Every structure is written in structure tokens, then in C-alpha cells.
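The structure file work02.cif is reproduced below (mmCIF, C-alpha atoms).
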```
data_query
loop_
_atom_site.label_atom_id
_atom_site.label_comp_id
_atom_site.auth_asym_id
_atom_site.auth_seq_id
_atom_site.Cartn_x
_atom_site.Cartn_y
_atom_site.Cartn_z
CA MET A 267 0.00 0.00 0.00
CA GLU A 268 1.32 3.45 -0.79
CA SER A 269 0.48 6.84 0.56
CA CYS A 270 -1.84 9.12 -1.44
CA ALA A 271 0.93 11.71 -1.45
CA GLN A 272 3.20 9.41 -3.47
CA LYS A 273 0.79 9.23 -6.37
CA LYS A 274 -0.79 11.98 -8.45
CA ALA A 275 -4.33 11.75 -7.15
CA TYR A 276 -6.94 11.42 -9.85
CA LYS A 277 -10.46 10.50 -8.90
CA ALA A 278 -12.72 8.38 -11.07
CA LYS A 279 -14.98 11.39 -11.45
CA ASP A 280 -12.14 13.37 -13.05
CA TYR A 281 -12.56 11.16 -16.13
CA LYS A 282 -16.29 11.81 -16.50
CA SER A 283 -17.73 14.61 -18.62
CA ASP A 284 -20.64 16.81 -17.58
CA LEU A 285 -22.90 15.08 -20.09
CA LYS A 286 -25.47 12.84 -18.38
CA PRO A 287 -25.82 9.35 -19.84
CA ILE A 288 -29.18 8.54 -21.37
CA TRP A 289 -28.93 4.77 -21.07
CA CYS A 290 -31.87 2.94 -19.55
CA PRO A 291 -31.74 2.72 -15.74
CA GLY A 292 -30.16 -0.62 -14.83
CA CYS A 293 -28.13 -0.86 -18.06
CA GLY A 294 -24.78 -2.60 -17.65
CA ASP A 295 -23.08 0.15 -19.64
CA TYR A 296 -23.24 2.50 -16.62
CA THR A 297 -21.12 0.01 -14.74
CA VAL A 298 -18.62 -0.24 -17.58
CA LEU A 299 -18.27 3.55 -17.65
CA ASN A 300 -17.65 3.54 -13.90
CA SER A 301 -15.12 0.71 -14.17
CA ILE A 302 -13.22 2.46 -16.96
CA THR A 303 -13.01 5.69 -14.97
CA ARG A 304 -11.94 3.78 -11.84
CA ALA A 305 -9.24 2.00 -13.85
CA LEU A 306 -7.93 5.26 -15.34
CA ALA A 307 -7.82 6.84 -11.88
CA GLU A 308 -5.93 3.88 -10.49
CA LEU A 309 -3.42 4.11 -13.34
CA ALA A 310 -3.20 7.86 -12.63
CA LEU A 311 -3.25 8.61 -16.34
CA PRO A 312 -3.63 12.31 -17.09
CA PRO A 313 -6.91 12.70 -19.03
CA GLU A 314 -5.11 14.45 -21.88
CA GLU A 315 -3.01 11.32 -22.41
CA VAL A 316 -6.00 9.03 -22.97
CA ALA A 317 -8.40 8.62 -25.90
CA VAL A 318 -11.58 6.59 -26.15
CA VAL A 319 -12.77 5.63 -29.63
CA SER A 320 -16.14 4.08 -30.45
CA GLY A 321 -18.46 3.18 -33.28
CA ILE A 322 -22.25 3.26 -33.08
CA GLY A 323 -24.67 1.81 -30.58
CA CYS A 324 -25.76 2.39 -26.99
CA SER A 325 -22.37 1.39 -25.58
CA SER A 326 -20.56 3.47 -28.19
CA ARG A 327 -21.79 6.59 -26.43
CA ILE A 328 -19.06 6.18 -23.82
CA PRO A 329 -16.59 8.72 -25.33
CA ALA A 330 -19.17 11.47 -24.82
CA TYR A 331 -19.43 10.61 -21.16
CA THR A 332 -15.71 10.80 -20.48
CA SER A 333 -13.44 13.83 -20.13
CA VAL A 334 -10.58 12.26 -22.09
CA TYR A 335 -10.14 12.66 -25.84
CA GLY A 336 -12.98 10.93 -27.62
CA PHE A 337 -13.94 9.92 -31.13
CA HIS A 338 -17.51 8.69 -31.75
CA GLY A 339 -17.04 7.29 -35.20
CA VAL A 340 -18.80 5.35 -37.89
CA HIS A 341 -20.65 2.07 -37.25
CA GLY A 342 -18.18 -0.79 -36.94
CA ARG A 343 -15.16 1.37 -37.68
CA ALA A 344 -13.89 2.13 -34.20
CA LEU A 345 -10.93 -0.23 -34.48
CA PRO A 346 -9.40 1.21 -37.67
CA VAL A 347 -9.77 4.73 -36.29
CA ALA A 348 -8.16 3.67 -33.02
CA THR A 349 -5.39 1.86 -34.89
CA GLY A 350 -4.57 4.99 -36.86
CA LEU A 351 -4.65 7.10 -33.74
CA LYS A 352 -2.36 4.80 -31.78
CA LEU A 353 0.15 4.56 -34.63
CA ALA A 354 0.18 8.32 -35.07
CA ARG A 355 0.24 9.05 -31.35
CA PRO A 356 1.88 6.10 -29.59
CA ASP A 357 2.16 8.20 -26.43
CA LEU A 358 -1.62 8.06 -25.94
CA THR A 359 -3.39 5.28 -24.08
CA VAL A 360 -6.12 4.30 -26.53
CA LEU A 361 -9.27 2.48 -25.45
CA VAL A 362 -11.92 1.27 -27.85
CA THR A 363 -15.48 0.75 -26.63
CA GLY A 364 -18.51 -0.68 -28.34
CA GLY A 365 -21.09 -3.38 -28.53
CA ASP A 366 -21.35 -6.86 -29.98
CA GLY A 367 -23.19 -5.75 -33.11
CA ASP A 368 -20.82 -2.89 -33.83
CA GLY A 369 -17.73 -4.97 -33.16
CA PHE A 370 -18.53 -8.45 -34.39
CA SER A 371 -20.99 -7.85 -37.23
CA ILE A 372 -20.68 -4.44 -38.85
CA GLY A 373 -17.04 -4.21 -37.79
CA GLY A 374 -16.34 -7.94 -37.82
CA ASN A 375 -13.57 -7.85 -40.38
CA HIS A 376 -11.86 -4.96 -38.63
CA PHE A 377 -12.02 -7.00 -35.43
CA LEU A 378 -10.16 -9.92 -37.03
CA HIS A 379 -7.42 -7.73 -38.39
CA ALA A 380 -7.06 -5.60 -35.28
CA CYS A 381 -6.40 -8.82 -33.34
CA ARG A 382 -3.97 -9.96 -36.05
CA ARG A 383 -2.20 -6.61 -36.22
CA ASN A 384 -1.76 -6.46 -32.44
CA VAL A 385 -1.52 -2.71 -32.07
CA ASP A 386 -1.39 -1.67 -28.40
CA LEU A 387 -5.12 -1.02 -27.88
CA THR A 388 -7.61 -2.07 -25.22
CA TYR A 389 -10.93 -3.11 -26.75
CA ILE A 390 -13.82 -3.26 -24.29
CA VAL A 391 -16.88 -4.89 -25.84
CA MET A 392 -20.18 -4.58 -24.01
CA ASP A 393 -21.89 -7.75 -25.13
CA ASN A 394 -25.64 -7.84 -24.53
CA GLN A 395 -26.45 -10.18 -27.40
CA VAL A 396 -28.86 -7.69 -28.97
CA TYR A 397 -29.01 -4.50 -31.03
CA GLY A 398 -30.48 -2.30 -28.31
CA MET A 399 -30.31 1.13 -29.92
CA THR A 400 -32.45 0.01 -32.86
CA LYS A 401 -34.96 -1.62 -30.49
CA GLY A 402 -34.01 -5.20 -30.10
CA GLN A 403 -32.81 -7.26 -33.05
CA ALA A 404 -30.67 -10.39 -32.89
CA SER A 405 -26.94 -9.67 -32.95
CA PRO A 406 -24.01 -11.95 -33.86
CA THR A 407 -23.78 -13.23 -30.28
CA THR A 408 -27.51 -13.91 -29.83
CA SER A 409 -28.38 -17.53 -29.14
CA PRO A 410 -30.12 -19.28 -32.05
CA ASP A 411 -33.41 -19.84 -30.22
CA TRP A 412 -34.03 -16.27 -28.98
CA GLU A 413 -37.52 -15.35 -30.15
CA GLY A 414 -37.73 -11.84 -28.72
CA SER A 415 -37.55 -9.97 -32.02
CA LYS A 416 -40.30 -9.83 -34.59
CA LEU A 417 -37.60 -9.99 -37.26
CA THR A 418 -36.62 -13.46 -36.04
CA PRO A 419 -39.83 -14.81 -34.51
CA GLU A 420 -38.52 -18.37 -34.47
CA GLY A 421 -34.98 -17.42 -33.50
CA THR A 422 -32.08 -16.96 -35.88
CA GLY A 423 -31.25 -20.65 -36.03
CA ILE A 424 -27.59 -19.65 -36.35
CA ASN A 425 -24.88 -20.48 -33.87
CA PRO A 426 -23.60 -17.39 -32.12
CA PHE A 427 -20.26 -15.78 -32.89
CA GLN A 428 -17.61 -16.70 -30.29
CA PRO A 429 -15.66 -13.48 -29.86
CA LEU A 430 -12.97 -14.74 -27.52
CA VAL A 431 -12.22 -17.86 -29.56
CA VAL A 432 -12.11 -15.82 -32.76
CA GLY A 433 -10.02 -13.13 -31.06
CA LEU A 434 -7.54 -15.71 -29.84
CA ALA A 435 -7.29 -17.41 -33.21
CA SER A 436 -6.78 -14.04 -34.88
CA GLY A 437 -3.93 -13.03 -32.60
CA ALA A 438 -5.29 -10.98 -29.69
CA ASN A 439 -2.56 -10.69 -27.08
CA PHE A 440 -4.75 -10.46 -23.97
CA ILE A 441 -8.21 -11.95 -23.48
CA ALA A 442 -10.57 -11.60 -20.54
CA ARG A 443 -14.26 -11.86 -19.78
CA VAL A 444 -15.93 -9.91 -16.99
CA SER A 445 -19.44 -9.26 -15.75
CA ALA A 446 -21.11 -5.88 -15.40
CA SER A 447 -22.41 -7.12 -12.06
CA ASP A 448 -18.88 -6.91 -10.62
CA PRO A 449 -17.57 -3.42 -11.37
CA ILE A 450 -14.59 -3.63 -9.06
CA ASN A 451 -13.28 -6.80 -10.68
CA MET A 452 -13.92 -5.21 -14.07
CA ALA A 453 -11.83 -2.17 -13.14
CA GLN A 454 -8.99 -4.45 -12.07
CA ILE A 455 -9.11 -6.40 -15.33
CA ILE A 456 -9.21 -3.18 -17.38
CA VAL A 457 -6.10 -1.98 -15.56
CA GLU A 458 -4.36 -5.24 -16.50
CA ALA A 459 -5.58 -4.99 -20.07
CA ILE A 460 -4.26 -1.46 -20.47
CA ARG A 461 -0.91 -2.42 -18.96
CA HIS A 462 -0.48 -5.47 -21.19
CA PRO A 463 1.23 -4.59 -24.46
CA GLY A 464 -0.55 -5.33 -27.71
CA PHE A 465 -4.22 -5.85 -28.52
CA SER A 466 -6.25 -6.54 -25.39
CA LEU A 467 -9.80 -7.84 -25.72
CA VAL A 468 -12.17 -7.54 -22.75
CA GLN A 469 -15.65 -8.98 -23.22
CA VAL A 470 -18.14 -7.55 -20.74
CA LEU A 471 -21.42 -9.37 -20.16
CA SER A 472 -23.47 -6.19 -20.00
CA PRO A 473 -27.21 -6.83 -19.76
CA CYS A 474 -29.74 -4.96 -21.91
CA VAL A 475 -32.47 -4.55 -19.32
CA THR A 476 -34.98 -3.22 -21.83
CA PHE A 477 -34.87 -5.62 -24.79
CA ARG A 478 -33.34 -8.62 -23.01
CA PRO A 479 -34.80 -8.27 -19.49
CA GLU A 480 -34.08 -11.94 -18.84
CA GLN A 481 -30.37 -11.01 -18.79
CA ALA A 482 -30.93 -9.65 -15.27
CA GLU A 483 -30.38 -13.31 -14.32
CA TRP A 484 -26.77 -13.13 -15.53
CA ARG A 485 -25.87 -11.68 -12.13
CA ASP A 486 -26.70 -15.07 -10.61
CA ILE A 487 -25.51 -17.25 -13.48
CA VAL A 488 -21.96 -15.94 -13.87
CA ARG A 489 -19.20 -17.63 -11.92
CA THR A 490 -15.59 -16.74 -11.29
CA ALA A 491 -13.35 -18.71 -13.65
CA VAL A 492 -11.55 -21.39 -11.66
CA VAL A 493 -8.32 -21.38 -13.62
CA ASP A 494 -5.80 -18.59 -13.93
CA TYR A 495 -4.65 -17.27 -17.27
CA THR A 496 -2.39 -19.19 -19.57
CA ASP A 497 0.17 -17.90 -22.02
CA ASP A 498 -0.30 -21.03 -24.14
CA ALA A 499 -2.68 -20.21 -27.01
CA ALA A 500 -3.54 -23.88 -27.64
CA ARG A 501 -4.51 -24.42 -24.02
CA ALA A 502 -6.50 -21.16 -24.00
CA ALA A 503 -8.29 -22.28 -27.17
CA ARG A 504 -9.30 -25.60 -25.59
CA ARG A 505 -10.65 -23.77 -22.54
CA LEU A 506 -12.57 -21.26 -24.59
CA MET A 507 -13.99 -23.88 -26.96
CA THR A 508 -15.51 -25.78 -24.04
CA ASP A 509 -16.60 -22.71 -22.14
CA ASP A 510 -20.31 -21.84 -21.70
CA GLY A 511 -19.67 -18.09 -21.80
CA PHE A 512 -20.34 -17.45 -18.12
CA ASN A 513 -16.86 -17.95 -16.66
CA VAL A 514 -15.88 -14.41 -15.74
CA GLY A 515 -13.63 -12.32 -13.58
CA LYS A 516 -10.22 -13.48 -14.67
CA VAL A 517 -7.79 -12.98 -17.48
CA LEU A 518 -8.00 -16.04 -19.73
CA PHE A 519 -5.01 -15.52 -21.99
CA LYS A 520 -1.90 -13.36 -21.95
CA GLY A 521 0.34 -13.61 -24.96
CA SER A 522 3.85 -12.30 -25.42
CA ARG A 523 3.71 -11.26 -29.06
CA PRO A 524 5.31 -7.83 -29.47
CA PRO A 525 2.83 -5.15 -30.49
CA PHE A 526 2.79 -3.80 -34.02
CA ARG A 527 4.63 -0.50 -33.73
CA PRO A 528 6.13 0.53 -37.05
CA GLU A 529 8.96 3.01 -36.91
CA PHE A 530 8.53 5.95 -39.21
CA GLU A 531 11.29 8.17 -40.44
CA HIS A 532 11.24 11.56 -38.82
CA THR A 533 8.88 13.85 -40.68
CA ASP A 534 7.70 17.39 -40.21
CA GLY A 535 4.11 16.16 -40.15
CA SER A 536 2.95 18.25 -43.09
CA VAL A 537 0.27 17.05 -45.48
CA ALA A 538 2.59 17.78 -48.42
CA GLU A 539 5.23 15.46 -47.01
CA LEU A 540 2.63 12.77 -46.40
CA GLU A 541 1.40 13.09 -49.99
CA ALA A 542 4.96 12.82 -51.24
CA ARG A 543 5.46 9.56 -49.34
CA PHE A 544 2.49 7.98 -51.11
CA ALA A 545 3.06 9.52 -54.53
CA LEU A 546 2.86 6.94 -57.33
CA MET B 161 -19.33 -11.24 11.03
CA SER B 162 -22.28 -9.98 9.00
CA ASP B 163 -21.90 -9.95 5.24
CA THR B 164 -21.83 -6.15 5.24
CA GLN B 165 -19.08 -5.67 7.77
CA ALA B 166 -15.42 -5.15 6.89
CA ASN B 167 -13.78 -8.40 5.85
CA THR B 168 -10.74 -7.69 8.01
CA ALA B 169 -10.16 -5.44 10.97
CA ILE B 170 -9.69 -1.72 10.47
CA ASP B 171 -7.67 -0.55 13.38
CA SER B 172 -6.14 2.83 12.63
CA LEU B 173 -7.69 6.24 12.11
CA PRO B 174 -6.18 6.82 8.64
CA GLU B 175 -7.46 3.42 7.50
CA LEU B 176 -10.94 4.16 8.81
CA LEU B 177 -10.96 7.62 7.23
CA ALA B 178 -9.77 6.27 3.87
CA HIS B 179 -12.63 3.76 3.89
CA ALA B 180 -15.17 6.33 5.05
CA LEU B 181 -14.06 8.80 2.38
CA ALA B 182 -14.32 6.19 -0.37
CA MET B 183 -17.69 4.94 0.84
CA GLU B 184 -19.28 8.37 1.26
CA THR B 185 -17.87 9.56 -2.08
CA GLU B 186 -19.20 6.51 -3.91
CA ALA B 187 -22.58 6.81 -2.18
CA ALA B 188 -22.90 10.50 -3.07
CA GLU B 189 -21.87 9.89 -6.67
CA ARG B 190 -24.15 6.87 -7.02
CA TYR B 191 -27.19 8.71 -5.62
CA GLU B 192 -26.41 11.55 -8.03
CA GLU B 193 -26.11 9.08 -10.89
CA LEU B 194 -29.41 7.42 -10.00
CA ALA B 195 -31.18 10.78 -9.58
CA ASP B 196 -29.90 11.84 -13.01
CA GLN B 197 -31.07 8.57 -14.56
CA MET B 198 -34.53 8.93 -13.09
CA GLU B 199 -34.84 12.58 -14.14
CA THR B 200 -33.80 11.64 -17.67
CA HIS B 201 -36.58 9.07 -17.67
CA ARG B 202 -39.07 11.54 -16.16
CA LYS B 203 -39.38 9.73 -12.84
CA ALA B 204 -39.56 12.85 -10.71
CA GLY B 205 -40.73 11.18 -7.49
CA VAL B 206 -37.98 8.54 -7.49
CA ALA B 207 -35.39 11.12 -8.57
CA ALA B 208 -36.33 13.33 -5.61
CA ILE B 209 -35.54 10.51 -3.15
CA PHE B 210 -32.10 9.90 -4.67
CA ARG B 211 -31.40 13.66 -4.97
CA ARG B 212 -32.17 14.21 -1.30
CA LEU B 213 -29.80 11.38 -0.35
CA GLU B 214 -27.11 12.78 -2.66
CA LYS B 215 -27.32 16.11 -0.81
CA GLU B 216 -27.12 14.39 2.59
CA GLU B 217 -24.06 12.40 1.51
CA LYS B 218 -22.37 15.47 0.05
CA ALA B 219 -22.94 17.35 3.31
CA HIS B 220 -21.23 14.48 5.15
CA LEU B 221 -18.42 14.59 2.65
CA VAL B 222 -17.63 18.24 3.38
CA GLU B 223 -17.09 17.41 7.06
CA LEU B 224 -15.26 14.22 6.25
CA ASN B 225 -12.89 15.88 3.79
CA GLU B 226 -12.06 18.46 6.42
CA MET B 227 -11.28 15.70 8.91
CA CYS B 228 -9.22 13.74 6.36
CA SER B 229 -7.09 16.77 5.52
CA ARG B 230 -5.45 16.43 8.93
CA TYR B 231 -4.08 12.96 8.16
CA GLU B 232 -2.02 11.27 5.51
CA LEU B 233 -4.38 8.62 4.23
CA PRO B 234 -3.20 5.34 2.74
CA HIS B 235 -3.94 4.76 -0.94
CA TYR B 236 -6.18 1.79 -1.74
CA ALA B 237 -6.83 0.44 -5.21
CA PRO B 238 -10.60 -0.06 -5.67
CA TRP B 239 -10.16 -3.81 -5.14
CA ASP B 240 -8.07 -3.44 -1.98
CA PHE B 241 -10.70 -1.85 0.23
CA LYS B 242 -11.88 -4.10 3.01
CA TRP B 243 -15.50 -4.25 1.95
CA ALA B 244 -17.19 -7.58 2.37
CA THR B 245 -19.36 -6.51 -0.59
CA GLY B 246 -18.07 -5.87 -4.15
CA GLU B 247 -18.53 -2.11 -4.24
CA SER B 248 -18.66 -0.12 -1.02
CA PRO B 249 -21.63 -1.13 1.14
CA GLU B 250 -23.57 2.11 0.75
CA ALA B 251 -23.51 2.26 -3.06
CA ILE B 252 -26.64 0.86 -4.70
CA ALA B 253 -25.63 -1.51 -7.48
CA ILE B 254 -26.58 -0.09 -10.88
CA ASP B 255 -28.28 -3.31 -11.93
CA GLN B 256 -30.71 -3.12 -9.01
CA VAL B 257 -32.64 -0.20 -10.47
CA SER B 258 -35.00 -0.06 -13.40
CA TYR B 259 -37.18 2.52 -15.06
CA LYS B 260 -40.12 0.76 -13.43
CA LEU B 261 -38.79 1.51 -9.94
CA SER B 262 -41.51 3.02 -7.73
CA VAL B 263 -40.91 5.58 -5.00
CA ARG B 264 -41.44 2.82 -2.47
CA GLY B 265 -38.95 0.60 -4.30
CA ALA B 266 -36.36 3.39 -4.28
CA VAL B 267 -36.83 4.00 -0.55
CA GLU B 268 -36.54 0.28 0.21
CA LEU B 269 -33.40 0.00 -1.89
CA ALA B 270 -31.78 3.01 -0.23
CA LEU B 271 -32.77 1.68 3.17
CA VAL B 272 -30.98 -1.61 2.55
CA HIS B 273 -27.80 0.23 1.60
CA GLU B 274 -27.90 2.78 4.42
CA ARG B 275 -28.31 -0.13 6.83
CA ARG B 276 -25.32 -1.83 5.25
CA ALA B 277 -23.26 1.33 5.76
CA CYS B 278 -24.40 1.53 9.39
CA ASP B 279 -23.50 -2.15 9.94
CA PHE B 280 -20.09 -1.55 8.38
CA TYR B 281 -19.22 1.23 10.80
CA ALA B 282 -20.86 -0.51 13.76
CA GLY B 283 -18.80 -3.63 13.04
CA ILE B 284 -15.58 -1.61 13.07
CA ALA B 285 -16.62 0.11 16.31
CA GLN B 286 -17.27 -3.28 17.86
CA ARG B 287 -14.00 -4.92 16.87
CA ALA B 288 -11.38 -2.16 16.82
CA SER B 289 -8.87 -2.11 19.63
CA ASP B 290 -7.98 1.56 19.11
CA ASP B 291 -10.19 3.89 21.17
CA GLU B 292 -10.19 6.70 18.61
CA VAL B 293 -11.25 4.32 15.87
CA ARG B 294 -14.06 2.94 18.02
CA ILE B 295 -15.38 6.40 18.86
CA LEU B 296 -15.23 7.72 15.30
CA ALA B 297 -16.75 4.58 13.79
CA SER B 298 -19.60 4.80 16.31
CA GLN B 299 -20.15 8.43 15.32
CA PHE B 300 -20.26 7.48 11.63
CA ALA B 301 -22.73 4.69 12.41
CA ALA B 302 -24.95 7.17 14.25
CA GLU B 303 -24.93 9.47 11.20
CA GLU B 304 -26.02 6.59 9.00
CA ARG B 305 -28.85 5.90 11.47
CA GLU B 306 -30.15 9.42 10.79
CA HIS B 307 -30.53 8.53 7.11
CA ILE B 308 -32.19 5.27 8.08
CA GLY B 309 -34.65 7.14 10.27
CA TRP B 310 -35.56 9.53 7.46
CA LEU B 311 -36.00 6.67 4.99
CA GLU B 312 -38.14 4.71 7.44
CA SER B 313 -40.43 7.72 7.80
CA CYS B 314 -40.60 7.99 3.98
CA LEU B 315 -41.49 4.32 3.78
CA ALA B 316 -44.32 4.80 6.25
CA ASP B 317 -45.71 7.51 3.94
CA CYS B 318 -45.45 5.40 0.77
CA GLY B 319 -48.44 3.55 -0.54
CA PRO B 320 -48.21 -0.22 -0.83
CA ASP B 321 -46.71 -1.68 -4.00
CA ASP B 322 -44.18 -4.36 -4.85
CA GLY B 323 -41.39 -1.84 -5.47
CA ALA B 324 -42.08 -1.53 -9.18
CA ILE B 325 -44.80 0.06 -11.28
CA ASP B 326 -46.53 -1.35 -14.35
CA ASP B 327 -45.56 0.16 -17.68
CA PRO B 328 -48.66 0.94 -19.78
CA ASP B 329 -46.47 1.55 -22.83
CA PRO B 330 -43.61 -0.95 -22.67
CA PRO B 331 -40.66 -0.84 -25.10
CA LEU B 332 -41.46 -2.91 -28.17
CA SER B 333 -39.15 -4.68 -30.51
CA GLN B 334 -39.11 -2.91 -33.87
CA GLU B 335 -41.14 -4.68 -36.52
#
```
With the file now loaded, output its structure as C-alpha cells.
Amino acid sequence: MESCAQKKAYKAKDYKSDLKPIWCPGCGDYTVLNSITRALAELALPPEEVAVVSGIGCSSRIPAYTSVYGFHGVHGRALPVATGLKLARPDLTVLVTGGDGDGFSIGGNHFLHACRRNVDLTYIVMDNQVYGMTKGQASPTTSPDWEGSKLTPEGTGINPFQPLVVGLASGANFIARVSASDPINMAQIIVEAIRHPGFSLVQVLSPCVTFRPEQAEWRDIVRTAVVDYTDDAARAARRLMTDDGFNVGKVLFKGSRPPFRPEFEHTDGSVAELEARFAL
Amino acid sequence: MSDTQANTAIDSLPELLAHALAMETEAAERYEELADQMETHRKAGVAAIFRRLEKEEKAHLVELNEMCSRYELPHYAPWDFKWATGESPEAIAIDQVSYKLSVRGAVELALVHERRACDFYAGIAQRASDDEVRILASQFAAEEREHIGWLESCLADCGPDDGAIDDPDPPLSQE
């Protein structure tokens, strides 16, 4: 334990903006916002050295609710924007936030290649297995028999996307799953994810209380994973392939692949110089 | 040990103050957050309960901050506090509220958490060996009992319901 005086004291609230969230009361995304701000305070990162990038969806509103640099981008395109930002400004801590539809469907291909590229980003996906902002359609992680949407009255009949397995296979360097019902554990995992070099993927089981009210039961269903993380991708793959999706609270995989960090020749940063570099 | 008391002994004034400061700050911020949520969703009655509690907690915080300024407090990471609960005992978990929450439901929820805060301090007062810690923890517990008293009187004024209201116009999946 260290004294407060030894550490620049940031409070979680220092990372929140004055804008009031408009999520539904009870939404797991409130907890994620609180866990992110707690994690940033614990890391004592000056707000001007952090950026949060998002796409579109309820959870993608997070940049507006933080006081750090934010970019609320195009649907599914948070990861390429964040990749560009991190490569241009490697001094920034770059977080990416979004939902399962934004990340795994509209932005699915970007997800694969962000994992593969392994730029030093922390991707926090609030997975509620539904498109909430557009009023409740099946998303890539929805179970095949969910009949809650009139667009899929008999369920989708399609096996859900397995983000952690796909992330691992594509090269993500850090993989964890947490529950929105345990914000303190989530903050701790986010701290670890930010500290770990390379592409860190944190799946948050974040209930949509409005269009998937049955997800309130997740609080009682989730269990703390019994095994600690492995650095062996094959072993992690076996665990994840046999996992029911409710083992939470621990890091599942930590790789040691060096992050993609290309070295550029010194430039003056002008547009003319940039154009010259790409001239045919 | 009750499930709301500290999971290990707190036996120094700086430790107690660090926990009290974190708990009262989280409680004030959470009541503010819940009041904002309810105002956004036009639940004026429920918002008023949370707003009143936010003001009470912030008033406590002014005194507490003044007291804390006289000590060098230890730094705790959020996961190192000695709560027996996940978040601090006084903070209502976000997933326990809903837009259907009635005034009665809000009062009952706040009552549970104010009692948890009181138990937390009372437990420290009971087990601490340091006299100053015992006295201060007892004082904090007494302050929490004031909130409990106010909430109990609110509850007596609330009409009967099951803590939630029916929604005549529920959210519908888009066709």
C-alpha cells in the first residue's frame, strides 16, 4: 500500500464529462463507464493522455461521457480509427469501446485484423447479445433460439459468434471476460488490459435490461473462472472452446507477441510530405 | 461477522478515514447518478428521493474531507478496500434499479444500503482495539442511522406496491 501523497491523485470522477448518460436505468453500460473511470484513476493517467474511440450503438456513447479525448465514429469502424490514432500518437493510451453488433458484425472484419495486427489497444466490448439502440434485433452473439424480435420470430437458427475464440485465433494478445455485475473486478481487469502490451480484448457481459430483461439473471448465473490465465494459445483455445460463456472475472489468456509498432522516419508532419510519401 | 461488515479489521484512524471517504464519495456519486437517470426518464418522485440522499451524503463529505485533511491517508486500489461486498456497502448496485422503480422501491433499496453502511461502521466500532477508531466509527454509524430514520419515515408515507410500477407503454421490438 502506498500513501496518497506518493501518487498523483486522480479520482474516477475526473474522467467523466458533464454530459449525463441517457442509457436505460439498470443498463450494464453504466457500470462499464464507472469501471473504466476507476481504472484510469488507479493508473493515474492524465486525461489528456487518454483517448476513447467508439463506433455506433448504446455502448458506443461512452466517449461522450468521459473527459478524455474521444472519437464517436462510424458504425463498426472504431478499431481502424483507433489503430490509426495509436500509430500516429503512440504516447496516448487508446481504449476502444462498443457493442457486440458494432464490433462483431458491422465491424467484424476490422475485429479480425485488429487482433492480427496487435496494435497496443484495449478493446472493451459490451456484449448484450442484442441490437439495443435500434430496439431489439438479434446480434451476432444472440443464441439461435431467442424469439424476442419480430424480425426473427422463431430465432435466428444460427450459432452465435464466439468473440474470444475468434479473437484468440486471430492473434489478440490479452483476453478476458468480466461481468457488469462486478464493477470492481472489471476495473482491475481493465487496468491489467491497459498495462499489457498489444491488442487486449475484454468482453463484458453487459445486460440490456430493456430488450433482453431476462439477462438480469446473468448476475446469478456468472461464476468466477476457476483457472488462472495461460500464455499457451492452444490451451486457451481448448478452454474457450468448451466454455459456456459465463466464466468471468479473470484474465483467460496473456500472450507475449510484441505489439505492431512501425517506426517511421522523422517527418515534419505536413500534409505535403505525407502526400509525397504515397506519390505513385 | 455480518456480510456487510469489513472483511478484516480496520484498526487505525487513517485506514478508517480512507474507507469512510471512499464509501461516502461513492454513495454521493451513485445517488447523483441514479437521480440523473430517473430525471432523464421523467421519474420525478424517485429522482427526488435519490437527490435528497445525494445532498445528505455530500454534506457528510464536506465534514469528512475536512477531517481527512489532517491525516495522511493510505492509498487503496478499488479492489483493496476491506468491503465484504463488491462495491462499497452504501452504493446501490446499478443493476438493481430499473425505469419501473416506484418511490417505495427506491426508498426500500436506499434503506438496505444505508443499513449496510451503518453495519459496516458498527462492526468496526465493535472490533477495533484503538479507542479513537471505536469512537469515530460509532459516530459514523450514528450518522447513518439518521438517514435510516428519514428513509423509514418515507417508507411509512409510501403507498403499498411491490417496489415496481406497471408500464402501460412498454418498449417494443421494432417490426
### Message
Evaluate the PyMOL selection byres ((chain B) within 12 of (chain A)) against this structure - the residues, as a PyMOL selection string, please.
### Response
chain B and resi 174-175+178+181-182+185-186+188-190+192-203+206-207+228-229+231-241+243+245-248+251-261+327+330-335
### Query
So how far away is atom CA of B:Ala187 from atom CA of B:Asp317, in Å?
23.9 Å
### Summary
atom CA of A:Gly373 sits from atom CA of A:Val457 at a separation of 24.9 Å
### Message
Measuring between all atoms listed in the file, which one of A:Asn384, A:Gln395, A:Ser536, A:Thr496 shows the shortest distance to A:Lys520?
### Response
A:Thr496
### Message
Translate the PyMOL selection byres ((chain B and resi 278) around 8) into a concrete residue list for this structure, as a PyMOL selection string.
### Response
chain B and resi 274-277+279-282+300-302+304-305
Now that the selection is made, can you save its residues with C-alpha atoms as a CSV table (one decimal), in the frame of the given file?
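So the final result, stored in part-v5.csv, reads:
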```csv
chain,number,residue,atom,x,y,z
B,274,GLU,CA,-27.9,2.8,4.4
B,275,ARG,CA,-28.3,-0.1,6.8
B,276,ARG,CA,-25.3,-1.8,5.2
B,277,ALA,CA,-23.3,1.3,5.8
B,279,ASP,CA,-23.5,-2.2,9.9
B,280,PHE,CA,-20.1,-1.6,8.4
B,281,TYR,CA,-19.2,1.2,10.8
B,282,ALA,CA,-20.9,-0.5,13.8
B,300,PHE,CA,-20.3,7.5,11.6
B,301,ALA,CA,-22.7,4.7,12.4
B,302,ALA,CA,-25.0,7.2,14.2
B,304,GLU,CA,-26.0,6.6,9.0
B,305,ARG,CA,-28.8,5.9,11.5
```
#### Entry: Long-range neighbours of A:Ile328 as a ChimeraX atom specification, 8 Å cut-off, all atoms listed in the file, 5 positions minimum in chain
/A:299,318,320,363
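The residue that comes closest to A:Asp386, out of A:Leu434, A:Ala502, A:Ala442, A:Leu467 and on the basis of all atoms listed in the file, is A:Leu467.
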### Task
Could you tell me which residues the PyMOL selection byres ((chain A and resi 326) around 12) grabs in this file, written as an MDAnalysis selection string?
chainID A and resid 287 289 295:296 298:299 318:325 327:332 336:344 361:369 389:393 397:399
### Query
Hey, can you check how far atom CA of A:Arg443 sits from atom CA of A:Val468?
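Rounded to one decimal, the two atoms are 5.6 Å apart.
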### Task
Find the residues around B:Ile295 up to 7 Å (only C-alpha atoms counted), leave out those fewer than 4 positions away in its own chain, and share them as a PyMOL selection string.
chain B and resi 285+291+299
